[in-house]
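Here the structure is laid out as structure tokens; the discussion comes afterwards.
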Amino acid sequence: MRGGKYSADDNSTKVELSAIKSLLPYILEYRVRIILALAFLVFAKLATVGLPFILKELVDYLEKSSHTEKLLALPIILLAGYGLLRFANVLFGEIRDALFGRVTERAMHKLGLEVFEHVHNLDLEFHLNRNTGGLSRDIERGISGISFLLRFMIFNVIPVLLEIAMVIGILIYNYSIWFSIITLSTIVLYVFFSIVVTDWRLKYIRLANQADSESSTRAIDSLMNYETVKFFTNEKYEANLYDQDLERWEIARRKNRLSLFALNAGQAFIVSLAMALMMSLAAYFVIQSSMTLGDFVLMNAFMMQLFIPLNLLGFVYREIKGSLANIEKMFQLLDQVPKIQDMPSASILKIQTGRVQFQNVRFSYSPDRLILDDINFEIEEKQKVAVVGSSGSGKSTLVKLLFRFYDVNEGRILIDGQDIREVTQDSLRRSIGIVPQDTVLFNATIFENIRYGNIEANEDQVWEAIRMAYLSDFIMQLPDREKTLVGERGLKLSGGEKQRVAIARTILKRPPILIFDEATSSLDSQSEQSVLKAIKEISRNQTSLVIAHRLSTIVDADKIIVMNLGKIVEEGNHQSLLDKKGHYFNLWEIQKRDKEPKILS
């Protein structure tokens with residue numbers, strides 16, 4: 001499996017308690033609805049328990065009456081009452097579901113939104129290690145599990161327990177104590193068996209879920225890299241990997257199904273044995289004339305009404321455990337704390353000049369490898385500062401630190417004298433615009449992708465950004481113009497076109513500080529000139545940090561910083577650095593030679 005696994009804690013009891021506790025605020029928000037729903041739940045159960053008594057009276061009446069009496073005096077009231085209770089049972093149940101449906105839907109809505117927002121708030125390190133397909137399936141199953149958990153815990157567990165209590169009370173009051181003993185013993189045995197076996201098979205549910213997440217991750221990863229698969233003709237290889245994941249899923253599902261068979265068979269045996277004992281005892285009392293035939297029918301109806309929901313209770317417990325297994329990863333995800341957080345006293349970043357300072361900055365992603373070592377430089381108001389160096393020198397890490405995707409290990413970064421760790425992340429990132437090396441667009445229109453830079457911008461402002469990014473001519477040549485869909489991740493556009501969309505988006509944001517992270521490194525000469533023209537247009541009156549690979553693109557920079565192995569080794573403008581004949585001079589000579597036409601002998 002590509003990437004790291006999104007692991008789960010096997011401490012199921014702790015997870016279940018945490019899950020249920022986390023759901024309470026969403027349930028209690030609608031107290032009135034829940035109270036009304038519970039009231040109709042009780043009414044429905046009273047109607048259910050009343051049905052066997054009407055059946056008893058009907059059977060006793062028909063048994064005692066003569067043939068003529070049966071024809072002339074049908075028990076209209078009893079028959080009408082039977083039909084009315086049947087209708088009331090269904091009606092009250094429907095009203096109960098309608099009342100509680102809003103609670104369930106609102107809880108799913110709020111939790112789904114909370115997870116979505118929480119995932120966006122997690123740090124960059126989490127997103128670099130995540131498996132999108134598996135994470136998506138975990139969230140999807142978690143939301144569905146919440147719906148089941150809320151509905152069945154409130155409207156199946158409570159009604160069944162209520163009905164069991166009412167039936168046992170009636171049996172103790174009206175009939176032999178043995179009926180109550182058999183009923184109570186059966187319920188205890190049934191519940192004990194269901195809990196033990198369900199807990200045993202929970203591991204198979206987890207295995208099936210894990211296999212499902214892994215196969216989903218594999219499929220999405222492969223489809224997102226469709227072009228790479230085609231470039232290397234690895235369709236069969238990808239299919240084999242997916243087949244292996246599906247085979248693990250199939251095996252896990254088979255074990256899950258067989259364990260379910262064992263559970264259902266055991267439950268059915270306990271219920272059947274109890275029914276046989278109860279009916280045998282009832283038949284014995286009828287023969288002894290201590291019970292009427294109506295009592296026998298009543299007892300049978302009670303047992304049917306009791307064991308059907310009891311069987312449902314086994315199903316509900318099983319499904320609740322399964323739902324908890326489904327949502328445990330989602331709640332574990334909600335428990336993850338972002339490594340980068342605002343201080344309790346964080347203030348809003350106030351931009352006056354846009355001056356940026358790196359002071360004695362040291363940083364490493366892991367303790368065994370230092371990425372930045374004692375970095376010191378300044379970008380003055382409206383100044384354009386370029387950072388150059390070989391791959392791995394730490395250039396792009398400066399951008400991640402400035403955006404506060406990571407915090408420095410030592411030193412500090414200041415904007416207009418304010419430590420970026422002491423201001424809110426939202427205000428910091430609103431003040432910085434970036435044109436990245438690899439622009440990823442949403443699968444929407446060009447216009448919508450540009451407007452993403454400022455979702456409150458009007459059409460005139462968007463078109464102004466398009467003009468400043470030199471995109472107007474290109475857009476006008478398209479069949480659907482600004483409504484042209486760019487495809488997933490912007491794959492329908494060329495590299496230069498995507499970069500200009502990114503520039504237009506940044507122009508629309510109007511940030512006081514601009515970052516260009518190797519914005520032209522993968523472009524051809526013609527596209528590069530268009531992009532450079534747009535960059536020069538928007539950075540004229542802005543504080544700009546340019547991470548550059550091609551030195552020819554930053555010769556006009558006010559200051560050039562040369563990095564090597566995480567340190568600043570040279571600093572100055574283009575000409576002064578060439579005069580030093582040091583690192584920058586060597587990089588310039590190498591790139592100049594690479595551009596010279598080569599004659600093949």
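Identifiers in this document derive from the order of the structure tokens: chains are assigned A, B, ..., residues are numbered from 1 separately in each chain, and ligands are numbered from 1 in order of occurrence.
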Find the residues near region 387-393 of chain A: any atom within 12 Å, counting only C-alpha atoms, skip ones fewer than 5 places away on the same chain, and give them as a PDB file with C-alpha atoms, in the first residue's frame.
```pdb
ATOM      1  CA  ARG A 369      18.589  16.069   9.381  1.00  0.00           C
ATOM      2  CA  LEU A 370      18.921  19.841   9.682  1.00  0.00           C
ATOM      3  CA  ILE A 371      17.231  21.638   6.774  1.00  0.00           C
ATOM      4  CA  LEU A 372      17.845  25.299   7.668  1.00  0.00           C
ATOM      5  CA  ASP A 373      20.811  26.437   9.729  1.00  0.00           C
ATOM      6  CA  ILE A 375      19.062  31.755   8.360  1.00  0.00           C
ATOM      7  CA  PHE A 377      17.754  37.915   5.873  1.00  0.00           C
ATOM      8  CA  GLU A 378      15.221  40.718   5.364  1.00  0.00           C
ATOM      9  CA  ILE A 379      12.791  41.720   2.653  1.00  0.00           C
ATOM     10  CA  LEU A 398      11.318  28.975   3.661  1.00  0.00           C
ATOM     11  CA  VAL A 399       7.872  29.250   2.015  1.00  0.00           C
ATOM     12  CA  ILE A 515       5.644  34.494  -3.030  1.00  0.00           C
ATOM     13  CA  PHE A 516       6.665  32.916  -6.321  1.00  0.00           C
ATOM     14  CA  ASP A 517       7.822  29.358  -5.669  1.00  0.00           C
ATOM     15  CA  GLU A 518       9.736  28.344  -8.822  1.00  0.00           C
ATOM     16  CA  SER A 544       8.003  39.756  -3.068  1.00  0.00           C
ATOM     17  CA  LEU A 545       9.909  36.585  -2.268  1.00  0.00           C
ATOM     18  CA  VAL A 546      10.923  34.615  -5.359  1.00  0.00           C
ATOM     19  CA  ILE A 547      12.163  31.037  -5.079  1.00  0.00           C
ATOM     20  CA  ALA A 548      13.983  30.570  -8.373  1.00  0.00           C
ATOM     21  CA  HIS A 549      15.503  27.737 -10.322  1.00  0.00           C
ATOM     22  CA  ARG A 550      16.210  29.640 -13.526  1.00  0.00           C
ATOM     23  CA  LEU A 551      18.588  32.454 -12.648  1.00  0.00           C
ATOM     24  CA  SER A 552      17.700  34.411 -15.787  1.00  0.00           C
ATOM     25  CA  THR A 553      14.268  35.118 -14.294  1.00  0.00           C
ATOM     26  CA  ILE A 554      15.587  36.977 -11.251  1.00  0.00           C
ATOM     27  CA  VAL A 555      18.401  39.160 -12.597  1.00  0.00           C
ATOM     28  CA  ALA A 557      15.799  41.264  -8.142  1.00  0.00           C
ATOM     29  CA  ASP A 558      16.775  43.883  -5.550  1.00  0.00           C
ATOM     30  CA  LYS A 559      18.589  41.191  -3.602  1.00  0.00           C
ATOM     31  CA  ILE A 560      19.543  37.597  -4.348  1.00  0.00           C
ATOM     32  CA  ILE A 561      20.193  35.117  -1.544  1.00  0.00           C
ATOM     33  CA  VAL A 562      22.213  32.030  -2.415  1.00  0.00           C
ATOM     34  CA  MET A 563      21.661  28.925  -0.298  1.00  0.00           C
ATOM     35  CA  ASN A 564      23.633  25.709  -0.060  1.00  0.00           C
ATOM     36  CA  LEU A 565      22.982  22.788   2.319  1.00  0.00           C
ATOM     37  CA  GLY A 566      20.568  24.838   4.443  1.00  0.00           C
ATOM     38  CA  LYS A 567      22.825  27.865   4.863  1.00  0.00           C
ATOM     39  CA  ILE A 568      23.062  31.267   3.248  1.00  0.00           C
ATOM     40  CA  VAL A 569      26.418  31.332   1.489  1.00  0.00           C
ATOM     41  CA  GLU A 570      26.124  34.531  -0.561  1.00  0.00           C
ATOM     42  CA  GLU A 571      23.953  37.637  -0.738  1.00  0.00           C
ATOM     43  CA  GLY A 572      23.782  40.587  -3.132  1.00  0.00           C
ATOM     44  CA  ASN A 573      22.395  41.704  -6.487  1.00  0.00           C
ATOM     45  CA  HIS A 574      22.973  39.868  -9.761  1.00  0.00           C
ATOM     46  CA  LEU A 577      27.327  38.089  -7.078  1.00  0.00           C
ATOM     47  CA  HIS A 583      28.409  29.800  -5.771  1.00  0.00           C
ATOM     48  CA  TYR A 584      26.117  32.088  -7.745  1.00  0.00           C
ATOM     49  CA  PHE A 585      28.715  32.550 -10.483  1.00  0.00           C
ATOM     50  CA  ASN A 586      29.097  28.760 -10.803  1.00  0.00           C
ATOM     51  CA  LEU A 587      25.304  28.248 -10.996  1.00  0.00           C
ATOM     52  CA  TRP A 588      25.075  30.984 -13.637  1.00  0.00           C
ATOM     53  CA  ILE A 590      26.250  25.988 -15.547  1.00  0.00           C
ATOM     54  CA  GLN A 591      22.855  27.310 -16.675  1.00  0.00           C
TER      55      GLN A 591
END
```
So that I can check the surroundings of region 103-116 of chain A, please list as a ChimeraX atom specification every protein, DNA and RNA residue that reaches within 7 Å of it, counting only C-alpha atoms and ignoring chain neighbours fewer than 3 positions away. /A:26-27,30,100,119-120,143,146-147,150-151,334
Saved selection, atoms kept: C-alpha atoms, as a PDB file, in the first residue's frame:
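Written output follows (result_24.pdb):
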```
ATOM      1  CA  TYR A  26     -25.955  16.728  18.928  1.00  0.00           C
ATOM      2  CA  ILE A  27     -28.851  14.752  20.413  1.00  0.00           C
ATOM      3  CA  TYR A  30     -33.451  18.971  20.168  1.00  0.00           C
ATOM      4  CA  PHE A 100     -36.613  12.031  15.513  1.00  0.00           C
ATOM      5  CA  VAL A 119      -9.434  17.803   8.416  1.00  0.00           C
ATOM      6  CA  HIS A 120      -8.787  21.190   6.784  1.00  0.00           C
ATOM      7  CA  ILE A 143     -21.416   9.352   9.058  1.00  0.00           C
ATOM      8  CA  ILE A 146     -23.849   7.743  13.312  1.00  0.00           C
ATOM      9  CA  SER A 147     -27.265   7.660  11.614  1.00  0.00           C
ATOM     10  CA  LEU A 150     -28.716   7.379  16.919  1.00  0.00           C
ATOM     11  CA  ARG A 151     -31.847   5.889  15.398  1.00  0.00           C
ATOM     12  CA  LEU A 334     -11.532  14.357  15.423  1.00  0.00           C
TER      13      LEU A 334
END
```
Please extract the residues of region 219-401 of chain A with a backbone DSSP assignment of strand (DSSP E or B) and present them as a list of chain:residue names.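 After running DSSP on the backbone, region 219-401 of chain A has strand (DSSP E or B) at A:Ser347, A:Val356, A:Gln357, A:Phe358, A:Gln359, A:Asn360, A:Val361, A:Arg362, A:Phe363, A:Ser366, A:Arg369, A:Leu372, A:Asp373, A:Asp374, A:Ile375, A:Asn376, A:Phe377, A:Glu378, A:Ile379, A:Lys384, A:Val385, A:Ala386, A:Val387, A:Val388, A:Gly389.
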How would the residues just picked look written out with N, CA and C atoms as a PDB file, in the first residue's frame?
```pdb
ATOM      1  N   SER A 347      -3.054  37.553  18.049  1.00  0.00           N
ATOM      2  CA  SER A 347      -3.689  38.778  17.548  1.00  0.00           C
ATOM      3  C   SER A 347      -3.805  38.718  16.027  1.00  0.00           C
ATOM      4  N   VAL A 356       9.507  41.666   5.838  1.00  0.00           N
ATOM      5  CA  VAL A 356       9.644  40.277   6.302  1.00  0.00           C
ATOM      6  C   VAL A 356      11.069  40.065   6.797  1.00  0.00           C
ATOM      7  N   GLN A 357      11.198  39.436   7.966  1.00  0.00           N
ATOM      8  CA  GLN A 357      12.526  39.168   8.534  1.00  0.00           C
ATOM      9  C   GLN A 357      12.629  37.703   8.984  1.00  0.00           C
ATOM     10  N   PHE A 358      13.685  37.050   8.586  1.00  0.00           N
ATOM     11  CA  PHE A 358      14.068  35.732   9.114  1.00  0.00           C
ATOM     12  C   PHE A 358      15.245  35.966  10.056  1.00  0.00           C
ATOM     13  N   GLN A 359      15.060  35.633  11.324  1.00  0.00           N
ATOM     14  CA  GLN A 359      16.103  35.898  12.319  1.00  0.00           C
ATOM     15  C   GLN A 359      16.569  34.589  12.966  1.00  0.00           C
ATOM     16  N   ASN A 360      17.829  34.217  12.687  1.00  0.00           N
ATOM     17  CA  ASN A 360      18.460  33.042  13.313  1.00  0.00           C
ATOM     18  C   ASN A 360      17.593  31.794  13.233  1.00  0.00           C
ATOM     19  N   VAL A 361      17.005  31.560  12.066  1.00  0.00           N
ATOM     20  CA  VAL A 361      16.052  30.451  11.899  1.00  0.00           C
ATOM     21  C   VAL A 361      16.786  29.126  11.704  1.00  0.00           C
ATOM     22  N   ARG A 362      16.433  28.176  12.545  1.00  0.00           N
ATOM     23  CA  ARG A 362      16.900  26.792  12.387  1.00  0.00           C
ATOM     24  C   ARG A 362      15.664  25.903  12.314  1.00  0.00           C
ATOM     25  N   PHE A 363      15.706  24.924  11.399  1.00  0.00           N
ATOM     26  CA  PHE A 363      14.529  24.051  11.237  1.00  0.00           C
ATOM     27  C   PHE A 363      14.946  22.696  10.679  1.00  0.00           C
ATOM     28  N   SER A 366      12.978  16.293  10.714  1.00  0.00           N
ATOM     29  CA  SER A 366      13.267  15.201  11.644  1.00  0.00           C
ATOM     30  C   SER A 366      14.570  15.522  12.365  1.00  0.00           C
ATOM     31  N   ARG A 369      18.189  15.342  10.592  1.00  0.00           N
ATOM     32  CA  ARG A 369      18.589  16.069   9.381  1.00  0.00           C
ATOM     33  C   ARG A 369      18.182  17.529   9.482  1.00  0.00           C
ATOM     34  N   LEU A 372      17.430  23.893   7.678  1.00  0.00           N
ATOM     35  CA  LEU A 372      17.845  25.299   7.668  1.00  0.00           C
ATOM     36  C   LEU A 372      18.724  25.564   8.883  1.00  0.00           C
ATOM     37  N   ASP A 373      19.852  26.221   8.656  1.00  0.00           N
ATOM     38  CA  ASP A 373      20.811  26.437   9.729  1.00  0.00           C
ATOM     39  C   ASP A 373      21.173  27.929   9.828  1.00  0.00           C
ATOM     40  N   ASP A 374      20.619  28.579  10.860  1.00  0.00           N
ATOM     41  CA  ASP A 374      20.942  29.975  11.169  1.00  0.00           C
ATOM     42  C   ASP A 374      20.704  30.895   9.965  1.00  0.00           C
ATOM     43  N   ILE A 375      19.444  30.927   9.514  1.00  0.00           N
ATOM     44  CA  ILE A 375      19.062  31.755   8.360  1.00  0.00           C
ATOM     45  C   ILE A 375      18.709  33.166   8.825  1.00  0.00           C
ATOM     46  N   ASN A 376      19.369  34.150   8.224  1.00  0.00           N
ATOM     47  CA  ASN A 376      19.103  35.556   8.539  1.00  0.00           C
ATOM     48  C   ASN A 376      19.013  36.356   7.248  1.00  0.00           C
ATOM     49  N   PHE A 377      17.862  36.965   6.985  1.00  0.00           N
ATOM     50  CA  PHE A 377      17.754  37.915   5.873  1.00  0.00           C
ATOM     51  C   PHE A 377      16.476  38.732   6.046  1.00  0.00           C
ATOM     52  N   GLU A 378      16.379  39.827   5.297  1.00  0.00           N
ATOM     53  CA  GLU A 378      15.221  40.718   5.364  1.00  0.00           C
ATOM     54  C   GLU A 378      14.708  41.011   3.968  1.00  0.00           C
ATOM     55  N   ILE A 379      13.403  41.222   3.888  1.00  0.00           N
ATOM     56  CA  ILE A 379      12.791  41.720   2.653  1.00  0.00           C
ATOM     57  C   ILE A 379      12.118  43.032   3.024  1.00  0.00           C
ATOM     58  N   LYS A 384      11.966  43.168  -3.960  1.00  0.00           N
ATOM     59  CA  LYS A 384      11.904  41.845  -4.568  1.00  0.00           C
ATOM     60  C   LYS A 384      13.177  41.100  -4.208  1.00  0.00           C
ATOM     61  N   VAL A 385      13.028  40.047  -3.414  1.00  0.00           N
ATOM     62  CA  VAL A 385      14.178  39.254  -2.971  1.00  0.00           C
ATOM     63  C   VAL A 385      14.040  37.848  -3.549  1.00  0.00           C
ATOM     64  N   ALA A 386      15.101  37.375  -4.180  1.00  0.00           N
ATOM     65  CA  ALA A 386      15.107  36.034  -4.768  1.00  0.00           C
ATOM     66  C   ALA A 386      15.996  35.116  -3.941  1.00  0.00           C
ATOM     67  N   VAL A 387      15.588  33.863  -3.843  1.00  0.00           N
ATOM     68  CA  VAL A 387      16.385  32.841  -3.157  1.00  0.00           C
ATOM     69  C   VAL A 387      16.704  31.760  -4.179  1.00  0.00           C
ATOM     70  N   VAL A 388      17.990  31.480  -4.339  1.00  0.00           N
ATOM     71  CA  VAL A 388      18.425  30.476  -5.317  1.00  0.00           C
ATOM     72  C   VAL A 388      19.334  29.473  -4.618  1.00  0.00           C
ATOM     73  N   GLY A 389      19.568  28.373  -5.312  1.00  0.00           N
ATOM     74  CA  GLY A 389      20.435  27.338  -4.759  1.00  0.00           C
ATOM     75  C   GLY A 389      20.116  25.996  -5.386  1.00  0.00           C
TER      76      GLY A 389
END
```
Just the residues within 9 Å of Val59 (chain A), please, counting only C-alpha atoms, with nothing from its chain fewer than 6 positions along; format it as a list in words.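 The contact residues come out as Leu293, Gly294, Asp295 and Val297 of chain A.
Residues of region 373-453 of chain A assigned to helix (DSSP H, G or I) by DSSP on this structure's backbone: Lys395, Ser396, Thr397, Leu398, Val399, Lys400, Leu401, Leu402, Ile420, Arg421, Glu422, Gln425, Asp426, Ser427, Leu428, Arg429, Arg430, Ile446, Phe447, Glu448, Asn449, Ile450 and Arg451 of chain A.
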Smallest atom-to-atom distance to Leu273 (chain A): which of A:Asp243, A:Met303, A:Glu117, A:Glu456, using only C-alpha atoms?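 Using only C-alpha atoms, the shortest distance to Leu273 (chain A) belongs to A:Met303.
With only C-alpha atoms as the atoms that count, the minimum distance from Arg429 (chain A) to the choices A:Leu349, A:Met468, A:Leu493, A:Leu241 is reached by A:Leu349.
Considering the residues A:Arg257, A:Ile446, A:Leu36, A:Phe53 and counting only C-alpha atoms, Gly93 (chain A) has its shortest atom-to-atom contact with A:Leu36.
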Neighbours of region 252-256 of chain A within 7 Å (only C-alpha atoms; same-chain residues fewer than 6 positions away dropped), as a tab-separated table (two decimals) with N, CA and C atoms, in the first residue's frame?
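Saved file part_9.tsv follows:
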```
chain	number	residue	atom	x	y	z
A	201	ARG	N	-16.72	-11.28	16.96
A	201	ARG	CA	-16.70	-11.07	15.51
A	201	ARG	C	-16.40	-9.63	15.12
A	204	TYR	N	-13.53	-9.11	12.81
A	204	TYR	CA	-13.74	-9.36	11.39
A	204	TYR	C	-14.38	-8.15	10.70
A	205	ILE	N	-15.21	-7.41	11.45
A	205	ILE	CA	-15.77	-6.18	10.90
A	205	ILE	C	-14.65	-5.18	10.65
A	207	LEU	N	-11.47	-5.83	10.14
A	207	LEU	CA	-10.65	-6.30	9.03
A	207	LEU	C	-11.31	-5.97	7.69
A	208	ALA	N	-12.62	-6.17	7.62
A	208	ALA	CA	-13.35	-5.88	6.39
A	208	ALA	C	-13.30	-4.38	6.08
```
For Ile34 (chain A), please output as an NGL selection string all residues within 10 Å (counting only C-alpha atoms; exclusion window: fewer than 2 positions along the same chain). :A and (27-32 or 36-40 or 96 or 99-100 or 102-103 or 154)
Saved selection, atoms kept: N, CA and C atoms, as a PDB file, in the first residue's frame:
```
ATOM      1  N   ILE A  27     -27.519  15.278  20.098  1.00  0.00           N
ATOM      2  CA  ILE A  27     -28.851  14.752  20.413  1.00  0.00           C
ATOM      3  C   ILE A  27     -29.615  15.737  21.291  1.00  0.00           C
ATOM      4  N   LEU A  28     -28.957  16.260  22.317  1.00  0.00           N
ATOM      5  CA  LEU A  28     -29.625  17.103  23.302  1.00  0.00           C
ATOM      6  C   LEU A  28     -30.012  18.475  22.758  1.00  0.00           C
ATOM      7  N   GLU A  29     -29.531  18.819  21.584  1.00  0.00           N
ATOM      8  CA  GLU A  29     -29.888  20.109  20.983  1.00  0.00           C
ATOM      9  C   GLU A  29     -31.389  20.188  20.712  1.00  0.00           C
ATOM     10  N   TYR A  30     -32.019  19.021  20.476  1.00  0.00           N
ATOM     11  CA  TYR A  30     -33.451  18.971  20.168  1.00  0.00           C
ATOM     12  C   TYR A  30     -34.200  18.223  21.269  1.00  0.00           C
ATOM     13  N   ARG A  31     -34.130  18.744  22.489  1.00  0.00           N
ATOM     14  CA  ARG A  31     -34.729  18.063  23.639  1.00  0.00           C
ATOM     15  C   ARG A  31     -36.235  17.877  23.489  1.00  0.00           C
ATOM     16  N   VAL A  32     -36.933  18.920  23.024  1.00  0.00           N
ATOM     17  CA  VAL A  32     -38.394  18.850  22.911  1.00  0.00           C
ATOM     18  C   VAL A  32     -38.803  17.756  21.927  1.00  0.00           C
ATOM     19  N   LEU A  36     -40.981  14.361  22.853  1.00  0.00           N
ATOM     20  CA  LEU A  36     -42.209  14.007  22.130  1.00  0.00           C
ATOM     21  C   LEU A  36     -42.073  12.649  21.443  1.00  0.00           C
ATOM     22  N   ALA A  37     -40.904  12.435  20.840  1.00  0.00           N
ATOM     23  CA  ALA A  37     -40.676  11.152  20.166  1.00  0.00           C
ATOM     24  C   ALA A  37     -40.724   9.998  21.158  1.00  0.00           C
ATOM     25  N   LEU A  38     -40.130  10.168  22.337  1.00  0.00           N
ATOM     26  CA  LEU A  38     -40.155   9.127  23.364  1.00  0.00           C
ATOM     27  C   LEU A  38     -41.578   8.891  23.877  1.00  0.00           C
ATOM     28  N   ALA A  39     -42.375   9.972  23.953  1.00  0.00           N
ATOM     29  CA  ALA A  39     -43.774   9.812  24.381  1.00  0.00           C
ATOM     30  C   ALA A  39     -44.542   8.949  23.390  1.00  0.00           C
ATOM     31  N   PHE A  40     -44.375   9.211  22.105  1.00  0.00           N
ATOM     32  CA  PHE A  40     -45.053   8.391  21.094  1.00  0.00           C
ATOM     33  C   PHE A  40     -44.494   6.968  21.067  1.00  0.00           C
ATOM     34  N   ARG A  96     -43.257   9.046  15.697  1.00  0.00           N
ATOM     35  CA  ARG A  96     -41.984   8.987  16.428  1.00  0.00           C
ATOM     36  C   ARG A  96     -40.801   9.138  15.469  1.00  0.00           C
ATOM     37  N   LEU A  99     -40.531  12.693  14.029  1.00  0.00           N
ATOM     38  CA  LEU A  99     -40.000  13.647  15.002  1.00  0.00           C
ATOM     39  C   LEU A  99     -38.497  13.493  15.171  1.00  0.00           C
ATOM     40  N   PHE A 100     -38.038  12.243  15.238  1.00  0.00           N
ATOM     41  CA  PHE A 100     -36.613  12.031  15.513  1.00  0.00           C
ATOM     42  C   PHE A 100     -35.752  12.118  14.255  1.00  0.00           C
ATOM     43  N   ARG A 102     -35.408  14.498  12.197  1.00  0.00           N
ATOM     44  CA  ARG A 102     -34.709  15.787  12.156  1.00  0.00           C
ATOM     45  C   ARG A 102     -33.465  15.748  13.035  1.00  0.00           C
ATOM     46  N   VAL A 103     -33.576  15.072  14.187  1.00  0.00           N
ATOM     47  CA  VAL A 103     -32.437  14.993  15.103  1.00  0.00           C
ATOM     48  C   VAL A 103     -31.284  14.237  14.438  1.00  0.00           C
ATOM     49  N   ILE A 154     -31.951   4.809  20.269  1.00  0.00           N
ATOM     50  CA  ILE A 154     -33.085   5.496  20.885  1.00  0.00           C
ATOM     51  C   ILE A 154     -34.393   4.754  20.637  1.00  0.00           C
TER      52      ILE A 154
END
```
I'd like to know which of A:Gln288, A:Leu85, A:Leu161, A:Leu24 is closest to Leu46 (chain A), using only C-alpha atoms.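 The shortest atom-to-atom distance to Leu46 (chain A) comes from A:Leu85.
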Identify, on the basis of only C-alpha atoms, every residue whose closest approach to Leu223 (chain A) does not exceed 10 Å; exclude the query and any residue fewer than 6 positions from it along the same chain; express the result as a VMD selection string. chain A and resid 217 229 238
Using only C-alpha atoms, which protein or nucleic acid residues come within 10 Å of Lys339 (chain A)? Drop anything in the same chain fewer than 5 positions from it, and give the result as a ChimeraX atom specification. /A:121-126,405-407
Write the selection just made, keeping C-alpha atoms, as a PDB file, in the first residue's frame?
```pdb
ATOM      1  CA  ASN A 121      -7.414  22.485  10.083  1.00  0.00           C
ATOM      2  CA  LEU A 122      -4.965  19.608  10.529  1.00  0.00           C
ATOM      3  CA  ASP A 123      -1.330  20.362   9.783  1.00  0.00           C
ATOM      4  CA  LEU A 124       0.508  19.802   6.515  1.00  0.00           C
ATOM      5  CA  GLU A 125       2.328  16.749   7.873  1.00  0.00           C
ATOM      6  CA  PHE A 126      -0.982  14.900   8.330  1.00  0.00           C
ATOM      7  CA  PHE A 405       2.724  25.121   7.821  1.00  0.00           C
ATOM      8  CA  TYR A 406       5.532  24.300  10.245  1.00  0.00           C
ATOM      9  CA  ASP A 407       7.009  26.229  13.174  1.00  0.00           C
TER      10      ASP A 407
END
```
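Shortest separation to Val435 (chain A) among A:Gly411, A:Glu381, A:Ile503, A:Arg451 occurs at residue A:Ile503, atoms counted being only C-alpha atoms.
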